[in-house]
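Participant: This is target-v4.txt, which holds compact mmCIF, C-alpha atoms and all ligand atoms:
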```txt
# COMPACT_ATOMS: atom_id res chain seq x y z
CA MET M 452 -8.81 -32.52 4.73
CA THR M 453 -11.30 -32.71 1.86
CA SER M 454 -9.90 -33.12 -1.61
CA THR M 455 -12.33 -32.74 -4.46
CA ASN M 456 -12.60 -32.82 -8.20
CA ASP M 457 -15.31 -30.21 -8.06
CA PRO M 458 -14.48 -27.50 -10.64
CA ALA M 459 -15.46 -24.97 -7.99
CA ASP M 460 -12.34 -26.04 -6.10
CA ARG M 461 -9.95 -25.82 -9.03
CA ALA M 462 -8.31 -22.84 -10.68
CA ASP M 463 -5.21 -21.87 -12.61
CA VAL M 464 -4.19 -19.61 -9.74
CA VAL M 465 -5.07 -19.27 -6.07
CA VAL M 466 -4.25 -15.88 -4.56
CA VAL M 467 -3.96 -15.85 -0.77
CA GLY M 468 -5.08 -12.43 0.44
CA ALA M 469 -7.67 -9.96 -0.84
CA GLY M 470 -5.94 -6.72 0.05
CA LEU M 471 -5.09 -4.26 -2.70
CA ILE M 472 -2.12 -6.37 -3.77
CA GLY M 473 -3.93 -9.71 -4.01
CA LEU M 474 -7.04 -8.28 -5.64
CA GLY M 475 -5.03 -6.24 -8.13
CA ILE M 476 -3.11 -9.34 -9.18
CA ALA M 477 -6.29 -11.41 -9.42
CA TRP M 478 -8.00 -8.80 -11.58
CA ARG M 479 -5.10 -8.44 -14.00
CA ALA M 480 -4.47 -12.21 -14.15
CA ALA M 481 -8.15 -12.85 -14.95
CA ALA M 482 -8.03 -10.14 -17.61
CA ARG M 483 -5.23 -12.18 -19.22
CA GLY M 484 -7.44 -15.25 -19.35
CA LEU M 485 -6.49 -17.10 -16.16
CA ASP M 486 -9.05 -18.74 -13.90
CA VAL M 487 -8.43 -17.26 -10.44
CA ILE M 488 -9.67 -17.91 -6.90
CA VAL M 489 -8.85 -15.41 -4.13
CA VAL M 490 -9.11 -16.57 -0.51
CA ASP M 491 -9.44 -14.22 2.42
CA PRO M 492 -11.58 -14.43 5.57
CA ALA M 493 -11.79 -10.62 5.81
CA PRO M 494 -11.13 -8.91 2.48
CA GLY M 495 -10.01 -5.31 2.90
CA ALA M 496 -9.55 -5.57 6.65
CA GLY M 497 -5.74 -5.53 6.45
CA ALA M 498 -3.41 -2.60 5.83
CA SER M 499 -5.39 -1.66 2.73
CA GLY M 500 -8.39 -0.82 4.94
CA ALA M 501 -6.40 1.66 7.02
CA ALA M 502 -4.25 3.27 4.35
CA ALA M 503 -4.51 6.97 3.55
CA GLY M 504 -3.78 6.65 -0.16
CA MET M 505 -0.93 9.05 -0.68
CA LEU M 506 0.83 8.39 -3.98
CA ALA M 507 4.05 10.05 -2.96
CA PRO M 508 7.23 8.88 -4.69
CA VAL M 509 8.73 12.38 -4.46
CA SER M 510 7.81 13.65 -1.02
CA GLU M 511 8.39 10.25 0.58
CA LEU M 512 11.81 9.76 -0.98
CA HIS M 513 14.41 8.31 1.35
CA TYR M 514 18.15 8.49 0.78
CA GLY M 515 19.62 5.35 -0.80
CA GLU M 516 16.31 4.00 -2.13
CA ASP M 517 16.94 4.72 -5.82
CA ALA M 518 15.66 1.37 -7.13
CA LEU M 519 12.47 1.75 -5.11
CA LEU M 520 12.06 5.31 -6.37
CA ALA M 521 12.18 4.08 -9.96
CA LEU M 522 9.48 1.50 -9.24
CA ASN M 523 7.35 4.01 -7.32
CA LEU M 524 7.50 6.42 -10.26
CA ILE M 525 6.46 3.74 -12.75
CA SER M 526 3.49 2.79 -10.59
CA ALA M 527 2.48 6.41 -9.94
CA GLY M 528 2.52 6.95 -13.72
CA ARG M 529 0.01 4.14 -14.20
CA TYR M 530 -2.60 5.44 -11.79
CA GLY M 531 -4.39 7.63 -14.32
CA ASP M 532 -5.04 4.66 -16.62
CA TRP M 533 -5.94 2.36 -13.72
CA SER M 534 -8.43 4.88 -12.47
CA LYS M 535 -10.03 5.25 -15.89
CA GLU M 536 -10.18 1.51 -16.49
CA LEU M 537 -11.61 0.71 -13.07
CA THR M 538 -14.21 3.45 -13.29
CA GLU M 539 -15.28 2.23 -16.73
CA ALA M 540 -15.43 -1.39 -15.55
CA THR M 541 -17.26 -0.79 -12.28
CA GLY M 542 -18.74 2.69 -12.23
CA THR M 543 -16.79 3.33 -9.01
CA ASP M 544 -14.74 6.49 -8.64
CA ILE M 545 -11.54 5.37 -6.87
CA GLY M 546 -10.79 8.91 -5.74
CA TYR M 547 -7.65 9.32 -7.82
CA ARG M 548 -6.90 13.06 -7.71
CA GLU M 549 -3.95 14.83 -9.23
CA CYS M 550 -3.88 17.29 -6.35
CA GLY M 551 -0.17 17.60 -5.53
CA THR M 552 1.41 17.56 -2.08
CA VAL M 553 2.69 20.28 0.21
CA VAL M 554 5.34 19.42 2.79
CA THR M 555 5.44 21.89 5.65
CA ALA M 556 8.39 22.79 7.85
CA TRP M 557 7.83 23.32 11.56
CA ASP M 558 11.08 25.15 12.32
CA GLY M 559 14.44 26.14 10.86
CA ALA M 560 15.88 22.65 11.16
CA ASP M 561 12.96 21.27 9.14
CA LEU M 562 13.48 23.94 6.50
CA THR M 563 17.13 22.93 6.16
CA ALA M 564 16.09 19.28 5.83
CA LEU M 565 13.55 20.23 3.14
CA ARG M 566 16.19 22.21 1.24
CA ASP M 567 18.42 19.12 1.31
CA LEU M 568 15.51 17.01 0.08
CA GLN M 569 14.80 19.49 -2.70
CA ALA M 570 18.46 19.39 -3.76
CA LEU M 571 18.25 15.60 -3.86
CA HIS M 572 15.10 15.83 -5.98
CA GLU M 573 16.96 18.09 -8.40
CA ARG M 574 19.91 15.69 -8.64
CA LEU M 575 17.50 12.85 -9.42
CA GLY M 576 15.51 14.85 -11.97
CA LEU M 577 12.37 15.01 -9.80
CA HIS M 578 10.10 18.03 -9.69
CA SER M 579 9.70 19.96 -6.45
CA ARG M 580 10.22 23.50 -5.28
CA MET M 581 10.63 25.36 -2.01
CA LEU M 582 7.79 27.54 -0.74
CA GLY M 583 8.20 30.63 1.40
CA ARG M 584 6.02 31.39 4.40
CA ARG M 585 3.56 33.54 2.44
CA GLU M 586 3.27 31.29 -0.62
CA LEU M 587 2.63 28.31 1.62
CA ARG M 588 -0.42 30.01 3.16
CA GLU M 589 -1.60 31.33 -0.18
CA LEU M 590 -1.62 27.77 -1.52
CA GLU M 591 -3.26 26.33 1.59
CA PRO M 592 -5.00 28.99 3.70
CA GLY M 593 -6.09 26.31 6.18
CA LEU M 594 -2.51 25.92 7.41
CA ALA M 595 -1.46 27.47 10.70
CA ALA M 596 -0.02 30.96 10.57
CA GLY M 597 3.66 31.09 11.40
CA LEU M 598 4.88 27.97 9.62
CA PRO M 599 8.23 29.03 8.19
CA GLY M 600 7.83 27.52 4.70
CA GLY M 601 7.67 24.24 2.90
CA LEU M 602 8.08 22.31 -0.31
CA LEU M 603 5.66 21.65 -3.15
CA ALA M 604 5.72 18.21 -4.77
CA ALA M 605 3.19 18.96 -7.48
CA GLU M 606 3.27 15.42 -8.92
CA ASP M 607 2.52 13.51 -5.70
CA HIS M 608 -1.19 12.71 -5.73
CA GLN M 609 -3.79 10.64 -3.90
CA VAL M 610 -6.31 7.84 -4.29
CA ASP M 611 -8.98 6.57 -1.89
CA PRO M 612 -7.72 3.07 -0.96
CA GLN M 613 -11.06 1.87 0.38
CA ALA M 614 -12.85 2.98 -2.81
CA LEU M 615 -10.04 1.36 -4.80
CA HIS M 616 -10.53 -1.87 -2.86
CA ALA M 617 -14.26 -1.83 -3.60
CA ALA M 618 -13.61 -1.19 -7.29
CA LEU M 619 -11.00 -3.96 -7.51
CA THR M 620 -13.40 -6.40 -5.81
CA SER M 621 -16.09 -5.64 -8.32
CA ALA M 622 -13.75 -5.53 -11.36
CA ALA M 623 -12.18 -8.84 -10.35
CA GLY M 624 -15.63 -10.39 -9.90
CA ALA M 625 -16.73 -9.13 -13.31
CA ALA M 626 -13.58 -10.63 -14.83
CA GLY M 627 -14.51 -14.03 -13.39
CA VAL M 628 -12.41 -14.09 -10.20
CA ARG M 629 -14.01 -16.17 -7.45
CA LEU M 630 -13.66 -14.97 -3.86
CA ARG M 631 -13.68 -17.51 -1.00
CA ARG M 632 -14.11 -16.00 2.45
CA ARG M 633 -11.81 -18.48 4.10
CA ARG M 634 -8.38 -18.45 5.69
CA ALA M 635 -5.68 -20.36 3.83
CA ARG M 636 -4.04 -22.71 6.29
CA ARG M 637 -1.41 -24.50 4.24
CA VAL M 638 0.27 -24.36 0.89
CA GLN M 639 0.24 -27.80 -0.72
CA LEU M 640 3.22 -29.17 -2.58
CA SER M 641 3.48 -32.22 -4.86
CA ASP M 642 3.72 -35.41 -2.80
CA VAL M 643 6.61 -36.89 -4.68
CA SER M 644 9.32 -34.26 -4.65
CA GLY M 645 7.74 -31.19 -3.07
CA ASP M 646 9.22 -29.12 -5.87
CA ARG M 647 5.96 -27.83 -7.24
CA VAL M 648 2.83 -26.20 -5.83
CA THR M 649 -0.45 -28.11 -6.15
CA GLY M 650 -2.87 -25.89 -4.25
CA VAL M 651 -3.97 -24.46 -0.94
CA GLU M 652 -5.71 -26.02 2.05
CA LEU M 653 -8.33 -23.82 3.72
CA ASP M 654 -9.20 -23.63 7.42
CA SER M 655 -12.39 -25.54 6.57
CA GLY M 656 -10.27 -28.48 5.44
CA GLU M 657 -11.21 -27.98 1.79
CA VAL M 658 -8.40 -28.03 -0.74
CA LEU M 659 -8.26 -25.69 -3.69
CA ALA M 660 -6.20 -27.20 -6.50
CA ALA M 661 -4.04 -24.86 -8.58
CA GLY M 662 -0.72 -25.00 -10.39
CA GLN M 663 0.16 -21.49 -9.23
CA VAL M 664 -0.27 -19.91 -5.80
CA VAL M 665 0.37 -16.25 -5.00
CA LEU M 666 1.15 -15.28 -1.41
CA ALA M 667 -0.38 -11.82 -0.92
CA GLY M 668 -1.36 -12.06 2.74
CA GLY M 669 0.35 -8.81 3.73
CA ALA M 670 1.93 -8.81 7.18
CA ARG M 671 0.58 -12.28 7.90
CA ILE M 672 2.20 -14.42 5.20
CA ARG M 673 4.43 -16.01 7.83
CA GLU M 674 1.37 -17.72 9.36
CA LEU M 675 0.93 -20.15 6.44
CA ASP M 676 1.97 -23.74 7.00
CA GLY M 677 3.55 -26.00 4.44
CA LEU M 678 6.11 -23.56 3.09
CA PRO M 679 9.53 -25.05 2.41
CA PRO M 680 12.22 -23.69 4.79
CA SER M 681 13.65 -21.11 2.35
CA VAL M 682 10.21 -19.58 1.69
CA ALA M 683 9.22 -19.80 5.37
CA ALA M 684 12.40 -17.86 6.19
CA LEU M 685 11.47 -15.25 3.60
CA ALA M 686 7.91 -14.97 4.94
CA GLY M 687 9.35 -14.66 8.45
CA MET M 688 11.34 -11.59 7.34
CA VAL M 689 8.12 -9.67 6.64
CA ARG M 690 7.35 -7.87 9.89
CA PRO M 691 4.12 -6.13 10.94
CA VAL M 692 4.43 -2.37 11.48
CA LYS M 693 1.25 -1.09 13.09
CA GLY M 694 -0.24 2.11 11.75
CA GLN M 695 -3.31 4.13 12.73
CA THR M 696 -5.25 6.64 10.66
CA LEU M 697 -8.08 8.91 11.77
CA HIS M 698 -10.96 9.43 9.36
CA LEU M 699 -12.55 12.84 9.88
CA ARG M 700 -15.32 14.70 8.09
CA ALA M 701 -15.96 18.39 7.61
CA ASP M 702 -19.44 19.73 6.83
CA ARG M 703 -18.10 21.00 3.53
CA PRO M 704 -14.95 20.39 1.48
CA GLY M 705 -12.21 22.95 0.99
CA LEU M 706 -10.30 23.00 4.27
CA LEU M 707 -7.30 21.80 2.24
CA THR M 708 -6.90 21.28 -1.49
CA ARG M 709 -3.63 19.31 -1.51
CA VAL M 710 -2.20 16.51 0.57
CA VAL M 711 -0.33 18.11 3.47
CA ARG M 712 2.61 16.38 5.09
CA GLY M 713 4.76 17.83 7.78
CA SER M 714 6.45 17.23 11.04
CA VAL M 715 5.57 18.78 14.35
CA ARG M 716 8.49 18.94 16.75
CA GLY M 717 10.15 16.17 14.78
CA VAL M 718 7.11 13.85 14.61
CA PRO M 719 5.70 13.23 11.12
CA VAL M 720 2.00 13.72 10.42
CA TYR M 721 -0.08 14.05 7.25
CA LEU M 722 -3.56 15.11 6.19
CA VAL M 723 -5.23 13.80 3.05
CA PRO M 724 -8.33 15.80 2.05
CA ARG M 725 -10.97 14.09 -0.08
CA ASP M 726 -13.36 15.93 -2.41
CA ASP M 727 -16.39 15.31 -0.19
CA GLY M 728 -15.07 16.91 3.01
CA ARG M 729 -13.42 13.83 4.48
CA VAL M 730 -9.87 14.23 5.77
CA VAL M 731 -7.60 11.32 6.65
CA VAL M 732 -4.97 12.03 9.30
CA GLY M 733 -2.06 9.65 9.69
CA ALA M 734 -0.24 7.78 10.74
CA SER M 735 1.30 6.15 13.73
CA SER M 736 4.15 3.72 13.26
CA GLU M 737 4.61 1.12 15.94
CA GLU M 738 6.39 -2.21 16.22
CA ALA M 739 3.67 -3.92 18.27
CA GLY M 740 3.53 -7.40 16.77
CA PHE M 741 0.11 -8.41 15.51
CA ASP M 742 -1.83 -6.19 17.93
CA THR M 743 -4.31 -4.20 15.83
CA ARG M 744 -6.24 -2.54 18.67
CA PRO M 745 -6.42 1.24 18.26
CA ARG M 746 -4.26 2.95 20.89
CA ALA M 747 -5.68 6.06 22.57
CA GLY M 748 -2.27 7.73 22.76
CA ALA M 749 -1.83 7.42 18.99
CA VAL M 750 -5.23 9.05 18.41
CA TYR M 751 -4.29 11.89 20.75
CA GLU M 752 -0.87 12.45 19.19
CA LEU M 753 -2.23 12.43 15.63
CA LEU M 754 -4.98 14.91 16.46
CA ARG M 755 -2.63 17.13 18.44
CA ASP M 756 -0.07 17.31 15.61
CA ALA M 757 -2.65 17.61 12.83
CA GLN M 758 -4.26 20.49 14.69
CA ALA M 759 -0.89 22.19 15.11
CA LEU M 760 -0.61 22.25 11.30
CA VAL M 761 -4.29 22.86 10.49
CA PRO M 762 -6.03 24.55 13.45
CA GLU M 763 -9.57 23.87 12.22
CA ILE M 764 -9.07 20.11 12.44
CA GLY M 765 -10.54 20.05 15.93
CA GLU M 766 -13.93 21.11 14.51
CA LEU M 767 -14.27 18.08 12.23
CA MET M 768 -16.27 14.94 13.08
CA LEU M 769 -14.31 11.81 13.92
CA GLU M 770 -15.90 9.01 11.88
CA ARG M 771 -13.45 6.15 12.21
CA VAL M 772 -10.14 5.11 13.70
CA ALA M 773 -8.47 2.55 11.44
CA THR M 774 -5.56 0.32 12.29
CA GLY M 775 -3.52 -1.81 9.93
CA LEU M 776 -0.27 -3.72 9.82
CA ARG M 777 2.15 -2.53 7.16
CA PRO M 778 4.05 -5.48 5.74
CA GLY M 779 7.66 -4.38 6.23
CA SER M 780 10.57 -6.15 4.55
CA PRO M 781 14.21 -5.96 5.74
CA ASP M 782 15.04 -3.26 3.16
CA ASN M 783 11.57 -1.62 3.15
CA ALA M 784 11.10 -2.60 -0.49
CA PRO M 785 8.54 -5.08 -1.80
CA VAL M 786 9.31 -8.75 -2.36
CA ILE M 787 7.82 -9.83 -5.68
CA GLY M 788 8.52 -12.93 -7.73
CA PRO M 789 8.86 -16.71 -7.83
CA ALA M 790 10.02 -18.33 -4.62
CA GLY M 791 11.00 -21.93 -3.94
CA PRO M 792 8.81 -24.60 -5.52
CA GLU M 793 7.58 -24.18 -9.09
CA GLY M 794 4.35 -22.20 -9.22
CA LEU M 795 4.80 -20.39 -5.88
CA VAL M 796 4.91 -16.61 -6.14
CA VAL M 797 5.40 -14.02 -3.39
CA ALA M 798 3.86 -10.55 -3.64
CA GLY M 799 4.44 -8.86 -0.30
CA GLY M 800 6.51 -6.54 1.83
CA HIS M 801 5.02 -3.38 0.31
CA PHE M 802 5.38 -1.60 3.64
CA ARG M 803 4.47 2.12 3.34
CA ASN M 804 3.89 2.03 -0.42
CA GLY M 805 1.45 -0.76 -1.12
CA VAL M 806 -1.29 1.51 -2.42
CA LEU M 807 1.15 3.31 -4.67
CA LEU M 808 2.70 0.04 -5.86
CA ALA M 809 -0.56 -1.85 -6.50
CA PRO M 810 -0.69 -1.21 -10.27
CA VAL M 811 2.92 -2.11 -11.03
CA THR M 812 2.72 -5.20 -8.81
CA ALA M 813 -0.55 -6.38 -10.32
CA GLU M 814 0.59 -6.03 -13.93
CA GLY M 815 4.01 -7.53 -13.22
CA VAL M 816 2.75 -10.57 -11.33
CA ALA M 817 -0.03 -11.17 -13.88
CA GLY M 818 2.71 -11.19 -16.54
CA LEU M 819 4.72 -13.67 -14.49
CA LEU M 820 1.69 -15.94 -14.09
CA THR M 821 0.89 -15.94 -17.80
CA GLU M 822 4.29 -15.64 -19.47
CA GLY M 823 6.63 -16.97 -16.81
CA GLU M 824 8.71 -13.81 -16.57
CA LEU M 825 8.79 -10.70 -14.47
CA PRO M 826 9.26 -7.35 -16.22
CA ALA M 827 12.78 -5.92 -15.88
CA HIS M 828 11.72 -3.20 -13.44
CA LEU M 829 10.59 -5.84 -10.91
CA ILE M 830 13.73 -8.00 -11.07
CA PRO M 831 15.56 -5.97 -8.36
CA PHE M 832 12.67 -6.77 -6.02
CA SER M 833 12.67 -10.53 -6.44
CA PRO M 834 12.93 -12.70 -3.32
CA GLN M 835 16.34 -13.88 -4.50
CA ARG M 836 17.93 -10.68 -3.24
CA PHE M 837 17.71 -12.05 0.28
CA THR M 838 19.27 -15.36 -0.65
CA SER M 839 21.95 -14.20 -3.11
CA THR M 840 25.09 -12.18 -2.34
CA LYS M 841 23.97 -9.21 -4.45
CA GLY M 842 22.21 -7.48 -1.56
CA ALA M 843 19.12 -5.39 -1.16
CA ALA M 844 17.05 -3.45 -3.66
CA GLY M 845 16.21 -0.32 -1.77
C1 LIG J 901 -1.97 3.38 8.61
C2 LIG J 901 -1.47 3.06 7.24
C3 LIG J 901 -1.36 4.05 6.28
C4 LIG J 901 -0.86 3.75 5.00
N1 LIG J 901 -0.82 4.73 4.07
C5 LIG J 901 -0.35 4.44 2.82
C6 LIG J 901 -0.33 5.44 1.81
O1 LIG J 901 -0.74 6.58 2.05
N2 LIG J 901 0.16 5.12 0.58
C7 LIG J 901 0.61 3.84 0.29
O2 LIG J 901 1.04 3.61 -0.84
N3 LIG J 901 0.58 2.87 1.22
C8 LIG J 901 0.12 3.14 2.48
N4 LIG J 901 0.09 2.17 3.43
C9 LIG J 901 0.66 0.86 3.12
C10 LIG J 901 -0.33 -0.02 2.39
O3 LIG J 901 -1.58 0.05 3.03
C11 LIG J 901 0.15 -1.46 2.36
O4 LIG J 901 1.46 -1.56 1.86
C12 LIG J 901 -0.77 -2.29 1.46
O5 LIG J 901 -2.11 -2.11 1.85
C13 LIG J 901 -0.42 -3.75 1.53
O6 LIG J 901 -1.41 -4.43 0.82
P1 LIG J 901 -1.53 -6.00 0.92
O7 LIG J 901 -2.65 -6.38 0.04
O8 LIG J 901 -0.19 -6.63 0.70
O9 LIG J 901 -1.85 -6.29 2.46
P2 LIG J 901 -3.21 -6.15 3.27
O10 LIG J 901 -3.99 -4.98 2.86
O11 LIG J 901 -2.83 -6.27 4.71
O12 LIG J 901 -4.03 -7.43 2.82
C14 LIG J 901 -3.64 -8.73 3.15
C15 LIG J 901 -4.89 -9.58 3.18
O13 LIG J 901 -4.48 -10.94 3.34
C16 LIG J 901 -5.41 -11.60 4.15
N5 LIG J 901 -4.75 -12.77 4.71
C17 LIG J 901 -3.71 -12.82 5.55
N6 LIG J 901 -3.39 -14.09 5.83
C18 LIG J 901 -4.27 -14.87 5.13
C19 LIG J 901 -4.48 -16.26 5.02
N7 LIG J 901 -3.70 -17.16 5.67
N8 LIG J 901 -5.48 -16.72 4.23
C20 LIG J 901 -6.26 -15.84 3.54
N9 LIG J 901 -6.12 -14.50 3.62
C21 LIG J 901 -5.14 -14.03 4.41
C22 LIG J 901 -5.81 -10.55 5.18
O14 LIG J 901 -7.09 -10.84 5.74
C23 LIG J 901 -5.81 -9.27 4.36
O15 LIG J 901 -7.10 -8.97 3.87
C24 LIG J 901 -0.43 2.43 4.70
C25 LIG J 901 -0.56 1.43 5.66
C26 LIG J 901 -1.07 1.74 6.93
C27 LIG J 901 -1.23 0.62 7.93
```
Can you turn what I pasted into structure tokens?
Facilitator:
Amino acid sequence: MTSTNDPADRADVVVVGAGLIGLGIAWRAAARGLDVIVVDPAPGAGASGAAAGMLAPVSELHYGEDALLALNLISAGRYGDWSKELTEATGTDIGYRECGTVVTAWDGADLTALRDLQALHERLGLHSRMLGRRELRELEPGLAAGLPGGLLAAEDHQVDPQALHAALTSAAGAAGVRLRRRRARRVQLSDVSGDRVTGVELDSGEVLAAGQVVLAGGARIRELDGLPPSVAALAGMVRPVKGQTLHLRADRPGLLTRVVRGSVRGVPVYLVPRDDGRVVVGASSEEAGFDTRPRAGAVYELLRDAQALVPEIGELMLERVATGLRPGSPDNAPVIGPAGPEGLVVAGGHFRNGVLLAPVTAEGVAGLLTEGELPAHLIPFSPQRFTSTKGAAG
């Protein structure tokens, strides 16, 4: 292990992980005047590199997840400003589009489920409305004939997560964040009592000294050594949920104008059309440990179901199959806040909503790092919910 007084190896904060969550935090923390190093051997190669970029608090609502809904809505509401700020800072268009989302029904049972969902939306004050067979096809002529109807969630939008990652990398760099392409091996604690963080040891043996360390390693935070038992137990609760997306391209845009989600014979599938003719089809959901190899069966099933909803899909070019591990927490809600020793912060467990939740996580954790407090809307998602008797946030 090499310890050094080199200023290049010192910072106020070390962020472990350069996915959307880690980079977002680093950018916002640097904007508040902190000196930040981010470490990651493969920035953008995690879940953030496979994500489709649906910003879908309404259409992805699950029963009993009211606290998460509130957080999702706050973050969705910040995307317009984030997009503007990132584009101004970097010149990169992050593909934020206020396009709305259509949810299609496959059969009568799906229609009933959508009516129930719409009633729930109404009770919660969310905006959605049912679509009849004809209106559905008028809105999206690329949809298969014969679908019995659907639901319009006009306020569920999209962003391009890979463009967002590129923009965050460049905005963070411009704000002074240093990126080290290394794996963090161990979190270092003070020798005397172990009650405070002192830095991070890299796989090269170098040590980065910092008074605050943010764990944003996605599905892999459990692999870090040196965590005290309570934090190791927390990290161990974050499980990898494998997901595949297919990245297709049409010769010209316009096959779809909104995000389309649906289920085909009970299996969920979605299509996210970009402005330039690309269409992302997703996503599989598999508990397969840390195996990130693309599975042929998942590719087949996604294409089969996407084509059942949008027949022309088979004519598009297949550019990329992407696989990522969603970081799933026990209650499917993120885990954000101080954990264990002073200066250690967890920002993980974003599961299916990490793209959506990037802005609210970044601002909230940057506030914690500079002012020592989380905003009220993040308190229900603090790690303490798994160690106190109050129960889960979702
Ligand atoms: C197929 C798929 C589709 C999705 N679609 C959507 C969507 O439409 N909308 C949405 O909101 N969310 C979506 N998600 C979820 C979203 O992608 C994740 O919640 C989010 O990307 C998590 O971001 P993260 O930065 O925490 O993790 P990641 O993106 O996985 O980044 C973690 C980073 O940490 C690094 N790392 C790990 N361990 C170490 C270490 N020891 N040292 C240094 N670096 C380390 C990794 O290399 C990686 O780059 C999807 C996910 C998948 C897989």
Participant: Considering all atoms listed in the file, give me a table of residues in chain M that are at most 7 Å from ligand LIG 901 (chain J), with the closest atom pair and distance in Å for each, as a Markdown table.
Facilitator:
```
| residue | atom | partner | partner_atom | distance |
| --- | --- | --- | --- | --- |
| M:Val467 | CA | J:LIG901 | C20 | 4.9 |
| M:Gly468 | CA | J:LIG901 | O13 | 3.3 |
| M:Ala469 | CA | J:LIG901 | O15 | 4.8 |
| M:Gly470 | CA | J:LIG901 | O7 | 3.3 |
| M:Leu471 | CA | J:LIG901 | O7 | 4.2 |
| M:Ile472 | CA | J:LIG901 | O7 | 3.8 |
| M:Gly473 | CA | J:LIG901 | O7 | 5.4 |
| M:Val490 | CA | J:LIG901 | C20 | 5.0 |
| M:Asp491 | CA | J:LIG901 | N9 | 3.5 |
| M:Pro492 | CA | J:LIG901 | O14 | 5.8 |
| M:Ala493 | CA | J:LIG901 | O14 | 4.7 |
| M:Pro494 | CA | J:LIG901 | O15 | 4.3 |
| M:Gly495 | CA | J:LIG901 | O15 | 4.8 |
| M:Ala496 | CA | J:LIG901 | O15 | 5.0 |
| M:Gly497 | CA | J:LIG901 | O11 | 3.5 |
| M:Ala498 | CA | J:LIG901 | O10 | 3.8 |
| M:Ser499 | CA | J:LIG901 | O5 | 3.4 |
| M:Gly500 | CA | J:LIG901 | O10 | 6.4 |
| M:Ala501 | CA | J:LIG901 | C1 | 5.0 |
| M:Ala502 | CA | J:LIG901 | C4 | 3.5 |
| M:Ala503 | CA | J:LIG901 | O1 | 4.1 |
| M:Gly504 | CA | J:LIG901 | O1 | 3.8 |
| M:Met505 | CA | J:LIG901 | O1 | 3.7 |
| M:Leu506 | CA | J:LIG901 | N2 | 5.7 |
| M:Arg633 | CA | J:LIG901 | C20 | 6.2 |
| M:Arg634 | CA | J:LIG901 | N8 | 3.7 |
| M:Ala635 | CA | J:LIG901 | N8 | 3.7 |
| M:Arg636 | CA | J:LIG901 | N7 | 5.6 |
| M:Ala667 | CA | J:LIG901 | O8 | 5.4 |
| M:Gly668 | CA | J:LIG901 | O13 | 3.4 |
| M:Gly669 | CA | J:LIG901 | O9 | 3.6 |
| M:Ala670 | CA | J:LIG901 | O11 | 5.9 |
| M:Arg671 | CA | J:LIG901 | N6 | 4.8 |
| M:Ile672 | CA | J:LIG901 | N6 | 5.6 |
| M:Glu674 | CA | J:LIG901 | N7 | 6.3 |
| M:Leu675 | CA | J:LIG901 | N7 | 5.6 |
| M:Lys693 | CA | J:LIG901 | C27 | 6.0 |
| M:Gly694 | CA | J:LIG901 | C1 | 3.8 |
| M:Gln695 | CA | J:LIG901 | C1 | 4.4 |
| M:Thr696 | CA | J:LIG901 | C1 | 5.1 |
| M:Gly733 | CA | J:LIG901 | C1 | 6.4 |
| M:Ala734 | CA | J:LIG901 | C1 | 5.2 |
| M:Ser735 | CA | J:LIG901 | C1 | 6.7 |
| M:Thr774 | CA | J:LIG901 | C1 | 6.0 |
| M:Gly775 | CA | J:LIG901 | C27 | 3.9 |
| M:Leu776 | CA | J:LIG901 | C27 | 4.8 |
| M:Arg777 | CA | J:LIG901 | C27 | 4.7 |
| M:Pro778 | CA | J:LIG901 | O4 | 6.1 |
| M:Gly799 | CA | J:LIG901 | O8 | 5.2 |
| M:Gly800 | CA | J:LIG901 | O8 | 6.8 |
| M:His801 | CA | J:LIG901 | O4 | 4.3 |
| M:Phe802 | CA | J:LIG901 | O4 | 4.3 |
| M:Arg803 | CA | J:LIG901 | C9 | 4.0 |
| M:Asn804 | CA | J:LIG901 | O2 | 3.3 |
| M:Gly805 | CA | J:LIG901 | O4 | 3.1 |
| M:Val806 | CA | J:LIG901 | O2 | 3.5 |
| M:Leu807 | CA | J:LIG901 | O2 | 3.8 |
| M:Leu808 | CA | J:LIG901 | O2 | 6.4 |
```
Participant: Rank nothing, just name the residue among M:Pro599, M:Gly551, M:Gly748, M:Pro679 nearest to M:Glu586, using only C-alpha atoms.
Facilitator: M:Pro599
Participant: Just give me the gap between atom CA of M:Ala596 and atom CA of M:Gly717 in Å, one decimal is fine.
Facilitator: 18.4 Å
Participant: With all atoms listed in the file as the basis for distance, which of M:Val710, M:Arg574, M:Ser655, M:Pro834 is at the shortest distance from M:Ser780?
Facilitator: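 Distance minimum relative to M:Ser780 lands on M:Pro834.
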Participant: Mind giving me the straight-line distance from atom CA of M:Tyr751 to atom CA of M:Glu511 in Å, one decimal?
Facilitator: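 Those two atoms sit 23.9 Å apart.
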Participant: Point out the residue among M:Val487, M:Leu537, M:Val651, M:Leu565 with the least atom-to-atom distance to M:Leu678, counting only C-alpha atoms.
Facilitator: M:Val651
Participant: So, counting all atoms listed in the file, which residue among M:Glu516, M:Glu652, M:Asp726, M:Asp646 is closest to M:Leu575?
Facilitator: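 Answer, going by the shortest atom-to-atom distance: M:Glu516.
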Participant: Quick check, in Å to one decimal: how far apart do atom CA of M:Glu591 and atom CA of M:Val509 lie?
Facilitator: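 The value is 19.4 Å.
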Participant: Around (6.6, -27.7, -4.9), as given in the file, which residues come within 8 Å? Count all atoms listed in the file and list them as a ChimeraX atom specification.
Facilitator: /M:639-641,644-649,791-795
Participant: Please, which residues are within 8 Å of (-3.0, -17.4, -6.3) by the file's coordinates, counting only C-alpha atoms, and could they come as JSON, numbers by chain?
Facilitator: {"M": [464, 465, 466, 467, 477, 487, 488, 489, 661, 663, 664, 665, 666, 796]}
